[in-house]
$ cat start.csv   # CSV, C-alpha atoms
chain,number,residue,atom,x,y,z
A,1,MET,CA,-36.8,-52.6,2.7
A,2,ASN,CA,-39.6,-55.1,3.0
A,3,GLY,CA,-40.8,-57.5,0.3
A,4,PRO,CA,-39.4,-58.3,-3.1
A,5,LEU,CA,-37.3,-55.6,-4.7
A,6,PHE,CA,-39.1,-55.7,-8.1
A,7,ALA,CA,-42.8,-56.7,-7.9
A,8,PHE,CA,-46.1,-55.8,-9.4
A,9,GLY,CA,-47.6,-55.2,-6.0
A,10,ARG,CA,-45.2,-52.5,-4.8
A,11,PHE,CA,-43.2,-49.5,-6.1
A,12,THR,CA,-39.4,-49.5,-6.0
A,13,LEU,CA,-37.8,-46.1,-6.0
A,14,LEU,CA,-34.2,-46.0,-7.3
A,15,ASP,CA,-31.7,-43.1,-7.2
A,16,GLY,CA,-31.1,-40.3,-9.7
A,17,ALA,CA,-28.0,-39.2,-11.7
A,18,THR,CA,-24.6,-40.0,-10.4
A,19,GLY,CA,-21.9,-38.8,-12.9
A,20,MET,CA,-23.4,-35.4,-13.5
A,21,ASN,CA,-23.7,-34.7,-9.8
A,22,LEU,CA,-20.1,-35.9,-9.1
A,23,ILE,CA,-18.8,-33.5,-11.8
A,24,ARG,CA,-20.7,-30.7,-10.0
A,25,ALA,CA,-19.0,-31.9,-6.7
A,26,GLY,CA,-15.6,-31.6,-8.2
A,27,MET,CA,-14.7,-34.7,-10.2
A,28,PRO,CA,-12.2,-33.6,-12.8
A,29,ALA,CA,-12.7,-34.1,-16.5
A,30,GLY,CA,-10.9,-37.0,-18.1
A,31,VAL,CA,-10.3,-39.1,-15.0
A,32,CYS,CA,-11.5,-42.7,-14.5
A,33,PRO,CA,-14.7,-42.0,-12.5
A,34,GLU,CA,-14.5,-45.4,-10.7
A,35,ARG,CA,-10.9,-44.8,-9.6
A,36,TRP,CA,-11.6,-41.3,-8.5
A,37,ILE,CA,-14.6,-42.4,-6.4
A,38,ALA,CA,-12.6,-45.2,-4.8
A,39,GLY,CA,-9.8,-42.8,-3.8
A,40,ALA,CA,-12.0,-40.0,-2.6
A,41,PRO,CA,-15.5,-41.4,-1.8
A,42,GLU,CA,-16.8,-38.4,0.1
A,43,ALA,CA,-18.8,-36.8,-2.8
A,44,LEU,CA,-20.4,-40.1,-3.7
A,45,THR,CA,-21.2,-40.9,-0.1
A,46,ALA,CA,-22.8,-37.5,0.4
A,47,LEU,CA,-24.9,-37.9,-2.8
A,48,GLN,CA,-26.1,-41.3,-2.0
A,49,ARG,CA,-27.1,-40.3,1.5
A,50,ARG,CA,-29.1,-37.5,0.0
A,51,TYR,CA,-30.9,-40.0,-2.2
A,52,ALA,CA,-31.6,-42.3,0.7
A,53,ALA,CA,-33.0,-39.3,2.7
A,54,ALA,CA,-35.1,-38.4,-0.3
A,55,GLY,CA,-36.8,-41.8,-0.3
A,56,SER,CA,-34.7,-44.1,-2.5
A,57,ASP,CA,-35.3,-47.8,-1.8
A,58,ALA,CA,-32.1,-48.6,-3.7
A,59,VAL,CA,-29.0,-47.0,-5.1
A,60,TYR,CA,-26.6,-48.1,-7.8
A,61,ALA,CA,-23.0,-48.8,-6.7
A,62,PRO,CA,-20.8,-46.5,-8.9
A,63,THR,CA,-19.6,-49.4,-11.1
A,64,PHE,CA,-21.1,-48.1,-14.4
A,65,GLY,CA,-17.8,-48.3,-16.2
A,66,ALA,CA,-15.9,-50.8,-14.1
A,67,ASN,CA,-15.7,-53.4,-16.9
A,68,GLU,CA,-12.5,-54.6,-18.4
A,69,VAL,CA,-12.9,-52.8,-21.7
A,70,LYS,CA,-13.2,-49.3,-20.1
A,71,LEU,CA,-10.8,-50.0,-17.3
A,72,LYS,CA,-8.1,-51.1,-19.7
A,73,LYS,CA,-8.0,-47.6,-21.1
A,74,PHE,CA,-6.8,-46.4,-17.8
A,75,GLY,CA,-4.5,-49.4,-17.1
A,76,LEU,CA,-6.8,-50.7,-14.5
A,77,ALA,CA,-8.2,-53.9,-15.9
A,78,ASP,CA,-6.1,-56.2,-13.8
A,79,GLY,CA,-7.6,-54.7,-10.7
A,80,LEU,CA,-11.2,-55.0,-11.8
A,81,GLU,CA,-12.4,-57.3,-9.0
A,82,ALA,CA,-10.9,-55.3,-6.2
A,83,LEU,CA,-12.2,-52.0,-7.7
A,84,ASN,CA,-15.7,-53.3,-8.0
A,85,ALA,CA,-15.6,-54.6,-4.4
A,86,ARG,CA,-14.3,-51.3,-3.1
A,87,LEU,CA,-17.1,-49.3,-4.9
A,88,VAL,CA,-19.9,-51.6,-3.6
A,89,ALA,CA,-18.4,-51.2,-0.1
A,90,VAL,CA,-18.5,-47.4,-0.5
A,91,SER,CA,-22.2,-47.4,-1.4
A,92,ARG,CA,-23.0,-49.9,1.3
A,93,ALA,CA,-21.4,-47.7,3.9
A,94,ALA,CA,-23.1,-44.6,2.5
A,95,VAL,CA,-26.7,-45.9,2.7
A,96,GLY,CA,-26.7,-48.4,5.6
A,97,GLU,CA,-29.0,-51.3,6.2
A,98,GLY,CA,-32.3,-49.9,5.0
A,99,VAL,CA,-31.4,-49.2,1.3
A,100,ALA,CA,-30.5,-51.9,-1.3
A,101,VAL,CA,-27.3,-51.6,-3.3
A,102,GLY,CA,-27.3,-52.7,-6.9
A,103,GLY,CA,-24.3,-53.7,-8.9
A,104,ASP,CA,-24.3,-51.4,-12.0
A,105,LEU,CA,-23.2,-52.7,-15.4
A,106,SER,CA,-23.3,-50.9,-18.6
A,107,SER,CA,-22.2,-51.0,-22.2
A,108,PRO,CA,-18.5,-51.5,-22.8
A,109,GLY,CA,-18.9,-49.2,-25.8
A,110,VAL,CA,-17.7,-51.6,-28.4
A,111,PHE,CA,-19.8,-52.9,-31.3
A,112,LEU,CA,-20.2,-56.5,-32.2
A,113,ARG,CA,-19.1,-58.0,-35.5
A,114,PRO,CA,-19.4,-57.1,-38.3
A,115,PHE,CA,-19.6,-53.4,-37.1
A,116,GLY,CA,-16.9,-53.9,-34.4
A,117,PRO,CA,-14.3,-56.3,-33.1
A,118,LEU,CA,-16.3,-58.4,-30.6
A,119,THR,CA,-18.2,-61.6,-30.9
A,120,PHE,CA,-21.3,-62.2,-28.8
A,121,GLU,CA,-19.4,-64.7,-26.7
A,122,GLU,CA,-16.7,-62.2,-26.0
A,123,LEU,CA,-19.2,-59.5,-25.0
A,124,THR,CA,-20.9,-62.0,-22.7
A,125,ALA,CA,-17.5,-62.8,-21.1
A,126,ILE,CA,-16.9,-59.1,-20.5
A,127,PHE,CA,-20.2,-58.8,-18.6
A,128,ARG,CA,-19.6,-62.1,-16.8
A,129,ARG,CA,-16.3,-61.0,-15.3
A,130,GLN,CA,-17.8,-57.9,-13.9
A,131,ALA,CA,-21.0,-59.6,-12.8
A,132,ALA,CA,-18.9,-62.2,-10.9
A,133,ALA,CA,-17.0,-59.5,-9.1
A,134,LEU,CA,-20.2,-57.8,-8.1
A,135,ALA,CA,-21.7,-61.1,-7.0
A,136,ALA,CA,-18.6,-61.7,-4.8
A,137,ALA,CA,-19.1,-58.2,-3.3
A,138,ASP,CA,-22.6,-59.3,-2.3
A,139,VAL,CA,-24.7,-56.7,-4.1
A,140,ASP,CA,-28.5,-57.0,-3.5
A,141,PHE,CA,-29.4,-56.9,-7.2
A,142,PHE,CA,-27.9,-56.2,-10.6
A,143,ALA,CA,-28.7,-53.3,-12.8
A,144,ALA,CA,-27.7,-53.6,-16.5
A,145,GLU,CA,-28.3,-50.0,-17.6
A,146,THR,CA,-28.0,-47.7,-20.6
A,147,LEU,CA,-27.6,-50.6,-22.9
A,148,MET,CA,-27.7,-49.7,-26.6
A,149,SER,CA,-28.7,-52.9,-28.3
A,150,LEU,CA,-30.6,-56.0,-27.8
A,151,SER,CA,-27.4,-58.0,-28.2
A,152,GLU,CA,-25.9,-56.1,-25.2
A,153,ALA,CA,-29.1,-56.8,-23.1
A,154,ARG,CA,-29.1,-60.5,-24.0
A,155,ALA,CA,-25.4,-60.8,-23.2
A,156,ALA,CA,-25.8,-59.0,-19.9
A,157,VAL,CA,-28.7,-61.1,-18.7
A,158,LEU,CA,-27.0,-64.4,-19.7
A,159,ALA,CA,-23.7,-63.3,-18.0
A,160,ILE,CA,-25.4,-62.3,-14.7
A,161,ARG,CA,-27.6,-65.4,-14.6
A,162,SER,CA,-24.5,-67.5,-15.0
A,163,VAL,CA,-23.0,-66.2,-11.7
A,164,SER,CA,-26.0,-65.2,-9.6
A,165,ASP,CA,-29.7,-65.8,-9.0
A,166,LYS,CA,-30.3,-62.3,-7.4
A,167,PRO,CA,-32.7,-59.9,-9.1
A,168,VAL,CA,-31.8,-58.5,-12.5
A,169,LEU,CA,-33.0,-55.1,-13.7
A,170,VAL,CA,-32.3,-54.3,-17.4
A,171,THR,CA,-32.8,-50.8,-18.8
A,172,MET,CA,-32.0,-49.7,-22.3
A,173,THR,CA,-31.6,-46.3,-24.0
A,174,PHE,CA,-33.5,-45.3,-27.1
A,175,GLY,CA,-33.2,-42.3,-29.5
A,176,GLU,CA,-35.7,-39.6,-30.2
A,177,ASN,CA,-37.3,-42.0,-32.7
A,178,GLY,CA,-37.9,-44.6,-30.0
A,179,ARG,CA,-35.4,-47.1,-31.4
A,180,THR,CA,-31.9,-48.2,-30.6
A,181,LEU,CA,-29.0,-47.5,-32.9
A,182,SER,CA,-29.8,-50.9,-34.5
A,183,GLY,CA,-33.4,-50.0,-35.0
A,184,GLU,CA,-34.8,-52.2,-32.2
A,185,THR,CA,-38.0,-51.1,-30.5
A,186,PRO,CA,-38.6,-51.0,-26.7
A,187,ALA,CA,-41.5,-53.5,-26.8
A,188,ALA,CA,-39.5,-56.0,-28.9
A,189,CYS,CA,-36.6,-55.7,-26.6
A,190,LEU,CA,-38.9,-56.3,-23.6
A,191,ALA,CA,-40.2,-59.5,-25.1
A,192,ALA,CA,-36.8,-60.9,-25.6
A,193,VAL,CA,-35.3,-59.8,-22.3
A,194,GLN,CA,-38.1,-60.9,-20.1
A,195,ALA,CA,-38.0,-64.3,-21.8
A,196,LEU,CA,-34.3,-64.7,-20.8
A,197,GLY,CA,-35.2,-64.3,-17.1
A,198,ALA,CA,-34.8,-60.6,-16.3
A,199,ASP,CA,-36.8,-59.5,-13.2
A,200,ALA,CA,-37.7,-56.1,-14.5
A,201,PHE,CA,-37.2,-54.2,-17.8
A,202,GLY,CA,-37.4,-50.6,-18.9
A,203,VAL,CA,-35.9,-47.4,-20.2
A,204,ASN,CA,-33.3,-45.2,-18.8
A,205,CYS,CA,-31.5,-42.0,-20.0
A,206,SER,CA,-32.8,-41.4,-23.6
A,207,VAL,CA,-35.1,-38.4,-23.2
A,208,GLY,CA,-37.5,-36.8,-20.8
A,209,PRO,CA,-40.3,-38.5,-18.9
A,210,ASP,CA,-43.1,-37.6,-21.5
A,211,LYS,CA,-41.2,-39.2,-24.4
A,212,VAL,CA,-40.1,-42.2,-22.3
A,213,LEU,CA,-43.7,-42.7,-21.4
A,214,ALA,CA,-44.7,-42.8,-25.1
A,215,PHE,CA,-41.9,-45.3,-25.8
A,216,MET,CA,-43.2,-47.6,-23.0
A,217,ARG,CA,-46.9,-47.6,-23.7
A,218,PRO,CA,-46.7,-50.5,-26.2
A,219,MET,CA,-45.1,-52.6,-23.4
A,220,ALA,CA,-48.2,-52.5,-21.2
A,221,GLU,CA,-49.9,-55.4,-23.1
A,222,ILE,CA,-47.0,-57.8,-23.2
A,223,ALA,CA,-45.1,-57.2,-19.9
A,224,CYS,CA,-45.0,-60.1,-17.5
A,225,VAL,CA,-42.3,-58.4,-15.4
A,226,PRO,CA,-42.5,-55.0,-13.7
A,227,LEU,CA,-41.5,-52.2,-15.9
A,228,ALA,CA,-38.9,-49.6,-15.0
A,229,ALA,CA,-38.6,-45.9,-16.0
A,230,LYS,CA,-35.4,-43.8,-15.2
A,231,PRO,CA,-35.7,-40.9,-17.7
A,232,ASN,CA,-33.6,-37.8,-18.0
A,233,ALA,CA,-34.8,-34.5,-16.6
A,234,GLY,CA,-35.7,-33.4,-20.2
A,235,THR,CA,-33.3,-32.1,-22.8
A,236,PRO,CA,-29.9,-30.7,-21.9
A,237,ARG,CA,-29.6,-26.9,-22.4
A,238,THR,CA,-26.5,-24.7,-22.4
A,239,ALA,CA,-26.6,-21.6,-20.2
A,240,PRO,CA,-24.9,-18.3,-21.1
A,241,ASP,CA,-21.9,-19.2,-19.0
A,242,GLY,CA,-21.4,-22.5,-21.0
A,243,SER,CA,-22.7,-24.8,-18.2
A,244,VAL,CA,-25.2,-27.5,-19.1
A,245,TYR,CA,-28.6,-27.8,-17.4
A,246,TYR,CA,-31.8,-29.8,-17.8
A,247,ASP,CA,-35.2,-28.2,-18.3
A,248,VAL,CA,-37.6,-30.4,-16.3
A,249,THR,CA,-38.3,-29.4,-12.8
A,250,PRO,CA,-38.7,-32.0,-10.0
A,251,GLU,CA,-42.4,-31.3,-9.9
A,252,SER,CA,-42.9,-31.7,-13.6
A,253,PHE,CA,-40.7,-34.8,-13.6
A,254,ALA,CA,-42.9,-36.5,-11.0
A,255,ALA,CA,-46.1,-35.4,-12.6
A,256,HIS,CA,-46.0,-38.4,-14.9
A,257,ALA,CA,-45.8,-40.9,-12.1
A,258,ALA,CA,-49.5,-41.9,-12.3
A,259,ASP,CA,-49.3,-42.4,-16.0
A,260,PHE,CA,-46.2,-44.6,-15.7
A,261,ALA,CA,-47.8,-46.6,-12.9
A,262,GLY,CA,-50.9,-47.2,-15.1
A,263,ILE,CA,-48.9,-49.0,-17.8
A,264,GLY,CA,-47.2,-51.3,-15.3
A,265,VAL,CA,-44.1,-49.3,-14.2
A,266,ARG,CA,-43.2,-50.3,-10.7
A,267,VAL,CA,-39.6,-49.2,-10.7
A,268,PHE,CA,-38.9,-45.5,-10.8
A,269,GLY,CA,-35.8,-43.3,-10.8
A,270,GLY,CA,-34.0,-40.6,-12.6
A,271,CYS,CA,-31.1,-40.4,-15.0
A,272,CYS,CA,-29.2,-37.4,-16.5
A,273,GLY,CA,-30.2,-34.0,-15.0
A,274,THR,CA,-31.9,-35.4,-11.9
A,275,ASP,CA,-30.8,-35.1,-8.3
A,276,GLU,CA,-32.3,-35.8,-4.8
A,277,ARG,CA,-35.1,-33.2,-5.4
A,278,HIS,CA,-36.5,-35.2,-8.4
A,279,ILE,CA,-36.3,-38.4,-6.2
A,280,ALA,CA,-38.1,-36.7,-3.3
A,281,ALA,CA,-40.8,-35.5,-5.7
A,282,LEU,CA,-41.3,-39.0,-7.1
A,283,ARG,CA,-41.5,-40.4,-3.6
A,284,THR,CA,-44.3,-37.9,-2.8
A,285,ALA,CA,-46.1,-38.8,-6.0
A,286,LEU,CA,-45.8,-42.6,-5.5
A,287,ASP,CA,-46.9,-42.4,-1.9
A,288,GLY,CA,-50.3,-41.3,-3.2
A,289,LEU,CA,-50.7,-44.2,-5.7
A,290,VAL,CA,-51.7,-47.8,-5.4
A,291,PRO,CA,-49.9,-50.2,-7.8
A,292,ALA,CA,-51.8,-53.0,-9.6
A,293,THR,CA,-51.2,-56.4,-8.2
A,294,ARG,CA,-52.2,-58.7,-11.1
A,295,ARG,CA,-49.4,-60.4,-12.8
A,296,PRO,CA,-50.2,-61.1,-16.5
A,297,GLU,CA,-49.6,-64.4,-18.1
A,298,PRO,CA,-46.4,-64.4,-20.2
A,299,PRO,CA,-47.4,-63.9,-23.8
A,300,ARG,CA,-46.2,-66.2,-26.6
A,301,LEU,CA,-44.3,-63.9,-28.9
A,302,LEU,CA,-41.6,-64.0,-31.5
A,303,THR,CA,-39.3,-61.0,-32.1
A,304,ASP,CA,-36.2,-60.0,-34.1
A,305,GLY,CA,-35.8,-56.9,-32.1
A,306,ARG,CA,-37.6,-54.7,-34.6
A,307,HIS,CA,-40.9,-56.6,-34.9
A,308,LEU,CA,-43.2,-58.7,-32.7
A,309,TRP,CA,-45.3,-61.6,-33.9
A,310,PRO,CA,-47.9,-63.5,-31.8
$ encode --input "start.csv" --output "C-alpha cells"
Amino acid sequence: MNGPLFAFGRFTLLDGATGMNLIRAGMPAGVCPERWIAGAPEALTALQRRYAAAGSDAVYAPTFGANEVKLKKFGLADGLEALNARLVAVSRAAVGEGVAVGGDLSSPGVFLRPFGPLTFEELTAIFRRQAAALAAADVDFFAAETLMSLSEARAAVLAIRSVSDKPVLVTMTFGENGRTLSGETPAACLAAVQALGADAFGVNCSVGPDKVLAFMRPMAEIACVPLAAKPNAGTPRTAPDGSVYYDVTPESFAAHAADFAGIGVRVFGGCCGTDERHIAALRTALDGLVPATRRPEPPRLLTDGRHLWP
C-alpha cells in the first residue's frame, strides 16, 4: 500500500471478524485459538486471503489472545514469543506484499486493583512483553483492540511505545449506553489516548454501525488523529437451530460509510458478524468518497475518562 497507514488524507480499510469465521471453518470450542491457528493455519490463511481480495489494506495477525495471562491458562506462556512470531508469519504469508499486517493486542481480561489483582505497572508489563514479541516479528503496525477501560488503553499505548515507533491504532469497546464498564465515554478516552501518542483511535465491537456512529459523533470536534470504526454487524440473533447470526447485511453495514467519513473516520473495518462481503461493500462505498485532508490542531483538554474540560 502507498502512503501512511493512518492519515487524514486517505482511507485505510482493515479486515472483518476472525474468531467467528474460524469457528464456522471448524475451530473447536474450548481450544486456545492461537495454538489452533499455529498448528493448522489453512482456515486463517483462506480467510485473510478473502479479506485481501475484498479490498483490505491491512489485516490483523491472529494474536488477539496471545498475551501471558491468557496463554498461561493453556500452559503456553513460556512460548509467547515464538507463538506470536509464528502467527505473524502465517498472516504475512497469507496476504503477501501488498497488504499490511498488524500485531493484535487485546485485554488480558483481568481487572486492576482494587477490583482485581493487577497494578497498572503489571498490566503495562503484560502488554509490553507481547508488544516486544510482535515488534521482533516485524509487524507493520500495532492494533490494541476491544479494550474495556481507559487504564487498559493507556497501558497498551505506553507498552507499545516503549518497544516500537511503528503506528499504533487503539480501539475500545463500549456498552449500549455508550460507556465502558467503568463509565468512561468515547470522547474522553480519545482525548487521553491521542495525547499519549496513538496514531489513530476509535471503536470496535460494541454494537452495530448506527450506534457506533452515535458514540463517535462527539469525537469529531476534538480528534487530532484519524478515527477508526470497526463495528459489529448489528445485534447477534439466535436461529431456530440454535446457531448465532447477525442482522446487518453488507449493504446496510456500508451504508453508513459517508457519515463516518464526515466525522473524521479514516480507518474502517468490521468486527463480530462481518466477513469478506462486508469488507467488499465498504471498499465500494469508500471508493466513492473523498476524505478530508485538514488536520485539526490538538485541543487543550483535561479528562478523567468520564468528563472533558477545556
$ closest_residue --input "start.csv" --among "A:Arg86, A:Arg217, A:Arg92, A:Arg50" --to "His278 in chain A" --atoms "all atoms listed in the file"
A:Arg50
$ closest_residue --input "start.csv" --among "A:Phe115, A:Tyr245, A:Tyr60, A:Phe174" --to "Val139 in chain A" --atoms "only C-alpha atoms"
A:Tyr60
$ atom_distance --input "start.csv" --atom1 "CA of Lys230 in chain A" --atom2 "CA of Val59 in chain A"
12.4 Å
$ atom_distance --input "start.csv" --atom1 "CA of Thr185 in chain A" --atom2 "CA of Gly305 in chain A"
6.4 Å
$ residues_around --input "start.csv" --residues "range 219-229 of chain A" --least-positions-apart "5" --cutoff "10 Å" --atoms "only C-alpha atoms" --output "number ranges by chain"
A: 6-14, 169-172, 186-191, 193-195, 197-205, 209, 212-214, 257, 260-271, 294-301
$ closest_residue --input "start.csv" --among "A:Leu286, A:Ala192, A:Ala66, A:Ala58" --to "Ala85 in chain A" --atoms "only C-alpha atoms"
A:Ala66
$ residues_around --input "start.csv" --residues "Ala29 in chain A" --least-positions-apart "6" --cutoff "12 Å" --atoms "all atoms listed in the file" --output "PDB file with C-alpha atoms, keeping the file's coordinate frame"
ATOM      1  CA  GLY A  19     -21.900 -38.800 -12.900  1.00  0.00           C
ATOM      2  CA  MET A  20     -23.400 -35.400 -13.500  1.00  0.00           C
ATOM      3  CA  LEU A  22     -20.100 -35.900  -9.100  1.00  0.00           C
ATOM      4  CA  ILE A  23     -18.800 -33.500 -11.800  1.00  0.00           C
ATOM      5  CA  TRP A  36     -11.600 -41.300  -8.500  1.00  0.00           C
TER       6      TRP A  36
END
$ closest_residue --input "start.csv" --among "A:Pro108, A:Pro117, A:Pro231, A:Pro33" --to "Leu83 in chain A" --atoms "only C-alpha atoms"
A:Pro33
$ closest_residue --input "start.csv" --among "A:Thr146, A:Asn21, A:Thr173, A:Pro114" --to "Gln48 in chain A" --atoms "all atoms listed in the file"
A:Asn21
$ atom_distance --input "start.csv" --atom1 "CA of Ala131 in chain A" --atom2 "CA of Leu112 in chain A"
19.7 Å
$ closest_residue --input "start.csv" --among "A:Leu87, A:Leu5, A:Leu47, A:Ala40" --to "Arg24 in chain A" --atoms "all atoms listed in the file"
A:Leu47
$ residues_around --input "start.csv" --residues "Glu34 in chain A" --least-positions-apart "3" --cutoff "9 Å" --atoms "all atoms listed in the file" --output "JSON, numbers by chain"
{"A": [31, 37, 38, 39, 62, 63, 64, 65, 66, 71, 83, 84, 87]}
$ build_atoms --input "start.csv" --residues "range 37-60 of chain A" --atoms "N, CA, C and O atoms" --output "mmCIF file, in the coordinates of the input"
data_model
loop_
_atom_site.group_PDB
_atom_site.id
_atom_site.type_symbol
_atom_site.label_atom_id
_atom_site.label_comp_id
_atom_site.auth_asym_id
_atom_site.auth_seq_id
_atom_site.Cartn_x
_atom_site.Cartn_y
_atom_site.Cartn_z
ATOM 1 N N ILE A 37 -13.644 -42.127 -7.493
ATOM 2 C CA ILE A 37 -14.600 -42.400 -6.400
ATOM 3 C C ILE A 37 -13.906 -43.254 -5.326
ATOM 4 O O ILE A 37 -14.013 -42.994 -4.120
ATOM 5 N N ALA A 38 -13.224 -44.302 -5.762
ATOM 6 C CA ALA A 38 -12.600 -45.200 -4.800
ATOM 7 C C ALA A 38 -11.543 -44.522 -3.969
ATOM 8 O O ALA A 38 -11.380 -44.832 -2.782
ATOM 9 N N GLY A 39 -10.842 -43.553 -4.575
ATOM 10 C CA GLY A 39 -9.800 -42.800 -3.800
ATOM 11 C C GLY A 39 -10.304 -41.725 -2.968
ATOM 12 O O GLY A 39 -9.655 -41.356 -1.972
ATOM 13 N N ALA A 40 -11.440 -41.163 -3.331
ATOM 14 C CA ALA A 40 -12.000 -40.000 -2.600
ATOM 15 C C ALA A 40 -13.526 -40.175 -2.565
ATOM 16 O O ALA A 40 -14.223 -39.519 -3.343
ATOM 17 N N PRO A 41 -14.064 -41.036 -1.703
ATOM 18 C CA PRO A 41 -15.500 -41.400 -1.800
ATOM 19 C C PRO A 41 -16.445 -40.372 -1.170
ATOM 20 O O PRO A 41 -17.653 -40.587 -1.198
ATOM 21 N N GLU A 42 -15.939 -39.277 -0.655
ATOM 22 C CA GLU A 42 -16.800 -38.400 0.100
ATOM 23 C C GLU A 42 -17.952 -37.807 -0.730
ATOM 24 O O GLU A 42 -19.088 -37.715 -0.255
ATOM 25 N N ALA A 43 -17.693 -37.424 -1.982
ATOM 26 C CA ALA A 43 -18.800 -36.800 -2.800
ATOM 27 C C ALA A 43 -19.832 -37.867 -3.119
ATOM 28 O O ALA A 43 -21.028 -37.564 -3.056
ATOM 29 N N LEU A 44 -19.426 -39.076 -3.456
ATOM 30 C CA LEU A 44 -20.400 -40.100 -3.700
ATOM 31 C C LEU A 44 -21.188 -40.486 -2.482
ATOM 32 O O LEU A 44 -22.413 -40.659 -2.530
ATOM 33 N N THR A 45 -20.514 -40.566 -1.353
ATOM 34 C CA THR A 45 -21.200 -40.900 -0.100
ATOM 35 C C THR A 45 -22.245 -39.835 0.230
ATOM 36 O O THR A 45 -23.387 -40.174 0.585
ATOM 37 N N ALA A 46 -21.882 -38.569 0.093
ATOM 38 C CA ALA A 46 -22.800 -37.500 0.400
ATOM 39 C C ALA A 46 -24.030 -37.554 -0.564
ATOM 40 O O ALA A 46 -25.190 -37.382 -0.151
ATOM 41 N N LEU A 47 -23.779 -37.811 -1.841
ATOM 42 C CA LEU A 47 -24.900 -37.900 -2.800
ATOM 43 C C LEU A 47 -25.799 -39.029 -2.523
ATOM 44 O O LEU A 47 -27.029 -38.859 -2.516
ATOM 45 N N GLN A 48 -25.262 -40.201 -2.259
ATOM 46 C CA GLN A 48 -26.100 -41.300 -2.000
ATOM 47 C C GLN A 48 -26.892 -41.218 -0.700
ATOM 48 O O GLN A 48 -28.028 -41.697 -0.586
ATOM 49 N N ARG A 49 -26.313 -40.546 0.263
ATOM 50 C CA ARG A 49 -27.100 -40.300 1.500
ATOM 51 C C ARG A 49 -28.215 -39.337 1.254
ATOM 52 O O ARG A 49 -29.282 -39.475 1.862
ATOM 53 N N ARG A 50 -28.018 -38.386 0.350
ATOM 54 C CA ARG A 50 -29.100 -37.500 0.000
ATOM 55 C C ARG A 50 -30.231 -38.265 -0.703
ATOM 56 O O ARG A 50 -31.421 -38.015 -0.469
ATOM 57 N N TYR A 51 -29.865 -39.198 -1.582
ATOM 58 C CA TYR A 51 -30.900 -40.000 -2.200
ATOM 59 C C TYR A 51 -31.639 -40.869 -1.231
ATOM 60 O O TYR A 51 -32.870 -40.984 -1.292
ATOM 61 N N ALA A 52 -30.930 -41.472 -0.298
ATOM 62 C CA ALA A 52 -31.600 -42.300 0.700
ATOM 63 C C ALA A 52 -32.554 -41.416 1.559
ATOM 64 O O ALA A 52 -33.686 -41.830 1.848
ATOM 65 N N ALA A 53 -32.116 -40.223 1.913
ATOM 66 C CA ALA A 53 -33.000 -39.300 2.700
ATOM 67 C C ALA A 53 -34.183 -38.876 1.893
ATOM 68 O O ALA A 53 -35.254 -38.615 2.463
ATOM 69 N N ALA A 54 -34.042 -38.792 0.563
ATOM 70 C CA ALA A 54 -35.100 -38.400 -0.300
ATOM 71 C C ALA A 54 -36.163 -39.469 -0.514
ATOM 72 O O ALA A 54 -37.258 -39.208 -1.031
ATOM 73 N N GLY A 55 -35.815 -40.705 -0.164
ATOM 74 C CA GLY A 55 -36.800 -41.800 -0.300
ATOM 75 C C GLY A 55 -36.380 -42.944 -1.170
ATOM 76 O O GLY A 55 -37.197 -43.851 -1.408
ATOM 77 N N SER A 56 -35.141 -42.983 -1.667
ATOM 78 C CA SER A 56 -34.700 -44.100 -2.500
ATOM 79 C C SER A 56 -34.747 -45.408 -1.754
ATOM 80 O O SER A 56 -34.225 -45.501 -0.649
ATOM 81 N N ASP A 57 -35.353 -46.430 -2.359
ATOM 82 C CA ASP A 57 -35.300 -47.800 -1.800
ATOM 83 C C ASP A 57 -34.010 -48.480 -2.156
ATOM 84 O O ASP A 57 -33.625 -49.448 -1.498
ATOM 85 N N ALA A 58 -33.355 -48.009 -3.207
ATOM 86 C CA ALA A 58 -32.100 -48.600 -3.700
ATOM 87 C C ALA A 58 -31.274 -47.624 -4.401
ATOM 88 O O ALA A 58 -31.786 -46.663 -4.991
ATOM 89 N N VAL A 59 -29.963 -47.815 -4.345
ATOM 90 C CA VAL A 59 -29.000 -47.000 -5.100
ATOM 91 C C VAL A 59 -28.132 -47.931 -5.916
ATOM 92 O O VAL A 59 -27.996 -49.117 -5.604
ATOM 93 N N TYR A 60 -27.535 -47.376 -6.958
ATOM 94 C CA TYR A 60 -26.600 -48.100 -7.800
ATOM 95 C C TYR A 60 -25.173 -47.881 -7.227
ATOM 96 O O TYR A 60 -24.764 -46.726 -7.056
#
